[in-house]
file entry17.cif (mmCIF, N, CA and C atoms)
data_my_file
loop_
_atom_site.label_atom_id
_atom_site.label_comp_id
_atom_site.auth_asym_id
_atom_site.auth_seq_id
_atom_site.Cartn_x
_atom_site.Cartn_y
_atom_site.Cartn_z
N MET A 157 -2.45 -16.76 5.79
CA MET A 157 -3.27 -16.91 4.63
C MET A 157 -2.61 -16.18 3.47
N GLY A 158 -2.53 -16.85 2.33
CA GLY A 158 -1.86 -16.28 1.17
C GLY A 158 -2.73 -15.28 0.44
N LEU A 159 -2.09 -14.52 -0.41
CA LEU A 159 -2.79 -13.54 -1.22
C LEU A 159 -3.38 -14.22 -2.44
N GLY A 160 -4.56 -13.77 -2.85
CA GLY A 160 -5.15 -14.26 -4.07
C GLY A 160 -4.51 -13.57 -5.27
N ILE A 161 -4.95 -13.97 -6.44
CA ILE A 161 -4.37 -13.40 -7.67
C ILE A 161 -4.64 -11.90 -7.76
N LEU A 162 -5.88 -11.48 -7.48
CA LEU A 162 -6.20 -10.07 -7.57
C LEU A 162 -5.46 -9.25 -6.51
N ASP A 163 -5.30 -9.82 -5.31
CA ASP A 163 -4.55 -9.13 -4.26
C ASP A 163 -3.08 -8.98 -4.64
N THR A 164 -2.53 -10.00 -5.28
CA THR A 164 -1.14 -9.94 -5.72
C THR A 164 -0.95 -8.88 -6.80
N VAL A 165 -1.88 -8.81 -7.74
CA VAL A 165 -1.79 -7.80 -8.80
C VAL A 165 -1.93 -6.39 -8.20
N ALA A 166 -2.83 -6.23 -7.24
CA ALA A 166 -3.00 -4.93 -6.60
C ALA A 166 -1.74 -4.53 -5.83
N LEU A 167 -1.12 -5.50 -5.15
CA LEU A 167 0.12 -5.22 -4.44
C LEU A 167 1.24 -4.82 -5.41
N ALA A 168 1.33 -5.52 -6.52
CA ALA A 168 2.35 -5.18 -7.52
C ALA A 168 2.11 -3.78 -8.08
N GLY A 169 0.86 -3.42 -8.30
CA GLY A 169 0.55 -2.08 -8.78
C GLY A 169 0.94 -1.01 -7.77
N SER A 170 0.71 -1.29 -6.50
CA SER A 170 1.12 -0.33 -5.46
C SER A 170 2.64 -0.21 -5.40
N LEU A 171 3.32 -1.33 -5.54
CA LEU A 171 4.78 -1.31 -5.46
C LEU A 171 5.41 -0.57 -6.63
N VAL A 172 4.75 -0.59 -7.78
CA VAL A 172 5.28 0.13 -8.96
C VAL A 172 5.45 1.61 -8.64
N PHE A 173 4.53 2.16 -7.86
CA PHE A 173 4.61 3.58 -7.52
C PHE A 173 5.34 3.83 -6.20
N ALA A 174 5.27 2.88 -5.26
CA ALA A 174 5.85 3.09 -3.94
C ALA A 174 7.38 2.92 -3.93
N ILE A 175 7.91 2.02 -4.73
CA ILE A 175 9.36 1.78 -4.72
C ILE A 175 10.14 3.02 -5.18
N PRO A 176 9.79 3.64 -6.32
CA PRO A 176 10.54 4.85 -6.69
C PRO A 176 10.41 5.98 -5.67
N LEU A 177 9.24 6.12 -5.07
CA LEU A 177 9.06 7.14 -4.06
C LEU A 177 9.91 6.84 -2.83
N GLY A 178 9.99 5.56 -2.45
CA GLY A 178 10.83 5.17 -1.32
C GLY A 178 12.31 5.40 -1.61
N ILE A 179 12.73 5.11 -2.82
CA ILE A 179 14.12 5.35 -3.20
C ILE A 179 14.44 6.84 -3.15
N TYR A 180 13.50 7.66 -3.64
CA TYR A 180 13.70 9.11 -3.56
C TYR A 180 13.77 9.57 -2.11
N GLY A 181 12.94 8.98 -1.26
CA GLY A 181 12.95 9.33 0.16
C GLY A 181 14.28 9.00 0.82
N VAL A 182 14.84 7.85 0.51
CA VAL A 182 16.15 7.49 1.05
C VAL A 182 17.22 8.44 0.53
N ASP A 183 17.14 8.77 -0.76
CA ASP A 183 18.10 9.71 -1.34
C ASP A 183 18.00 11.08 -0.67
N ALA A 184 16.78 11.52 -0.42
CA ALA A 184 16.59 12.81 0.24
C ALA A 184 17.12 12.77 1.67
N LEU A 185 16.90 11.67 2.38
CA LEU A 185 17.44 11.54 3.73
C LEU A 185 18.96 11.60 3.73
N LEU A 186 19.56 10.89 2.79
CA LEU A 186 21.03 10.87 2.72
C LEU A 186 21.58 12.22 2.25
N GLY A 187 20.76 12.99 1.54
CA GLY A 187 21.18 14.32 1.07
C GLY A 187 20.97 15.41 2.10
N GLY A 188 20.44 15.07 3.26
CA GLY A 188 20.27 16.05 4.31
C GLY A 188 18.90 16.68 4.39
N ARG A 189 17.99 16.29 3.52
CA ARG A 189 16.62 16.82 3.55
C ARG A 189 15.75 15.85 4.35
N THR A 190 15.86 15.95 5.66
CA THR A 190 15.26 14.96 6.55
C THR A 190 13.74 14.94 6.47
N ALA A 191 13.12 16.10 6.52
CA ALA A 191 11.66 16.15 6.52
C ALA A 191 11.08 15.59 5.21
N LEU A 192 11.64 15.99 4.09
CA LEU A 192 11.16 15.50 2.80
C LEU A 192 11.38 14.00 2.68
N GLY A 193 12.54 13.53 3.07
CA GLY A 193 12.84 12.10 2.99
C GLY A 193 11.94 11.26 3.86
N ALA A 194 11.71 11.72 5.09
CA ALA A 194 10.82 10.98 6.00
C ALA A 194 9.39 10.97 5.47
N PHE A 195 8.95 12.11 4.95
CA PHE A 195 7.60 12.19 4.39
C PHE A 195 7.43 11.23 3.22
N CYS A 196 8.40 11.19 2.33
CA CYS A 196 8.32 10.30 1.17
C CYS A 196 8.30 8.83 1.60
N LEU A 197 9.08 8.49 2.60
CA LEU A 197 9.10 7.10 3.08
C LEU A 197 7.78 6.72 3.74
N VAL A 198 7.20 7.64 4.48
CA VAL A 198 5.91 7.37 5.12
C VAL A 198 4.82 7.19 4.07
N VAL A 199 4.82 8.03 3.05
CA VAL A 199 3.82 7.92 1.98
C VAL A 199 4.00 6.61 1.22
N ALA A 200 5.23 6.24 0.93
CA ALA A 200 5.49 4.98 0.22
C ALA A 200 5.02 3.78 1.04
N ALA A 201 5.28 3.80 2.34
CA ALA A 201 4.83 2.70 3.19
C ALA A 201 3.31 2.66 3.27
N ALA A 202 2.69 3.83 3.32
CA ALA A 202 1.22 3.89 3.38
C ALA A 202 0.60 3.39 2.08
N MET A 203 1.24 3.64 0.95
CA MET A 203 0.73 3.18 -0.33
C MET A 203 0.66 1.67 -0.39
N VAL A 204 1.57 1.00 0.31
CA VAL A 204 1.59 -0.45 0.30
C VAL A 204 0.71 -1.02 1.41
N ALA A 205 0.75 -0.42 2.60
CA ALA A 205 0.09 -1.01 3.75
C ALA A 205 -1.41 -0.70 3.83
N LEU A 206 -1.81 0.51 3.51
CA LEU A 206 -3.21 0.89 3.70
C LEU A 206 -4.20 0.09 2.88
N PRO A 207 -3.95 -0.20 1.61
CA PRO A 207 -4.94 -1.01 0.87
C PRO A 207 -5.13 -2.41 1.47
N HIS A 208 -4.12 -2.90 2.15
CA HIS A 208 -4.23 -4.23 2.76
C HIS A 208 -5.08 -4.20 4.02
N TYR A 209 -5.02 -3.10 4.76
CA TYR A 209 -5.71 -3.04 6.05
C TYR A 209 -7.04 -2.31 6.02
N LEU A 210 -7.25 -1.41 5.09
CA LEU A 210 -8.51 -0.67 5.02
C LEU A 210 -9.56 -1.48 4.27
N LYS A 211 -10.78 -1.33 4.71
CA LYS A 211 -11.89 -2.01 4.05
C LYS A 211 -12.72 -0.99 3.29
N THR A 212 -13.12 -1.35 2.08
CA THR A 212 -13.98 -0.50 1.28
C THR A 212 -15.42 -0.99 1.42
N PRO A 213 -16.39 -0.19 1.03
CA PRO A 213 -17.78 -0.67 1.11
C PRO A 213 -18.02 -1.96 0.33
N SER A 214 -17.37 -2.11 -0.81
CA SER A 214 -17.56 -3.35 -1.58
C SER A 214 -16.96 -4.56 -0.85
N ASP A 215 -15.87 -4.35 -0.09
CA ASP A 215 -15.29 -5.44 0.70
C ASP A 215 -16.25 -5.88 1.80
N LEU A 216 -16.94 -4.92 2.40
CA LEU A 216 -17.89 -5.25 3.46
C LEU A 216 -19.07 -6.05 2.91
N VAL A 217 -19.59 -5.66 1.75
CA VAL A 217 -20.70 -6.38 1.15
C VAL A 217 -20.28 -7.79 0.75
N THR A 218 -19.10 -7.90 0.15
CA THR A 218 -18.60 -9.22 -0.26
C THR A 218 -18.39 -10.12 0.94
N GLY A 219 -17.82 -9.59 2.01
CA GLY A 219 -17.62 -10.38 3.22
C GLY A 219 -18.92 -10.82 3.85
N ALA A 220 -19.92 -9.95 3.86
CA ALA A 220 -21.23 -10.32 4.41
C ALA A 220 -21.88 -11.41 3.56
N ALA A 221 -21.75 -11.32 2.26
CA ALA A 221 -22.32 -12.34 1.37
C ALA A 221 -21.63 -13.68 1.56
N LYS A 222 -20.33 -13.68 1.75
CA LYS A 222 -19.60 -14.94 1.97
C LYS A 222 -20.01 -15.57 3.30
N ARG A 223 -20.19 -14.74 4.33
CA ARG A 223 -20.62 -15.30 5.63
C ARG A 223 -22.03 -15.82 5.56
N ALA A 224 -22.90 -15.17 4.79
CA ALA A 224 -24.29 -15.60 4.71
C ALA A 224 -24.45 -16.91 3.94
N THR A 225 -23.59 -17.13 2.96
CA THR A 225 -23.70 -18.35 2.17
C THR A 225 -22.89 -19.50 2.74
N GLY A 226 -22.13 -19.25 3.76
CA GLY A 226 -21.46 -20.34 4.45
C GLY A 226 -20.04 -20.49 4.10
#

call {"tool": "encode", "arguments": {"input": "entry17.cif", "output": "structure tokens"}}
result
Amino acid sequence: MGLGILDTVALAGSLVFAIPLGIYGVDALLGGRTALGAFCLVVAAAMVALPHYLKTPSDLVTGAAKRATG
């Protein structure tokens, strides 16, 4: 299933902040700062993945309304 317009905009907004953090994480890993680099990469991945998989209270209400109306 494809992303809607709002989901695409939200993903682009997450990527605006996650890509520089990921690049810094790779740079830190290559510079020998393993813990900092790994932490930055995990945070960058979480910034992109978590909004897609976590549900907010408004998502639950919207989903229930869509199921109720058919």

call {"tool": "residues_around", "arguments": {"input": "entry17.cif", "residues": "A:Ala202", "least_positions_apart": "6", "cutoff": "8 Å", "atoms": "all atoms listed in the file", "output": "VMD selection string"}}
result
chain A and resid 174 196 208

call {"tool": "residues_around", "arguments": {"input": "entry17.cif", "residues": "stretch 175-182 of chain A", "least_positions_apart": "2", "cutoff": "5 Å", "atoms": "all atoms listed in the file", "output": "list in words"}}
result
Leu171, Val172, Phe173, Ala184, Leu185, Leu186, Gly193, Cys196 and Leu197 of chain A

call {"tool": "atom_distance", "arguments": {"input": "entry17.cif", "atom1": "atom CA of A:Ala201", "atom2": "atom CA of A:Thr218"}}
result
26.5 Å

call {"tool": "closest_residue", "arguments": {"input": "entry17.cif", "among": "A:Val217, A:Val204, A:Arg223, A:Thr212", "to": "A:Leu167", "atoms": "only N, CA and C atoms"}}
result
A:Val204

call {"tool": "select_by_dssp", "arguments": {"input": "entry17.cif", "residues": "chain A", "states": "helix (DSSP H, G or I)", "output": "number ranges by chain"}}
result
A: 161-186, 190-209, 213-225

call {"tool": "atom_distance", "arguments": {"input": "entry17.cif", "atom1": "atom N of A:Arg189", "atom2": "atom C of A:Met203"}}
result
23.0 Å

call {"tool": "atom_distance", "arguments": {"input": "entry17.cif", "atom1": "atom CA of A:Ala194", "atom2": "atom C of A:Gly169"}}
result
20.8 Å

call {"tool": "closest_residue", "arguments": {"input": "entry17.cif", "among": "A:Gly219, A:Thr225, A:Pro213, A:Pro207", "to": "A:Ala166", "atoms": "only C-alpha atoms"}}
result
A:Pro207
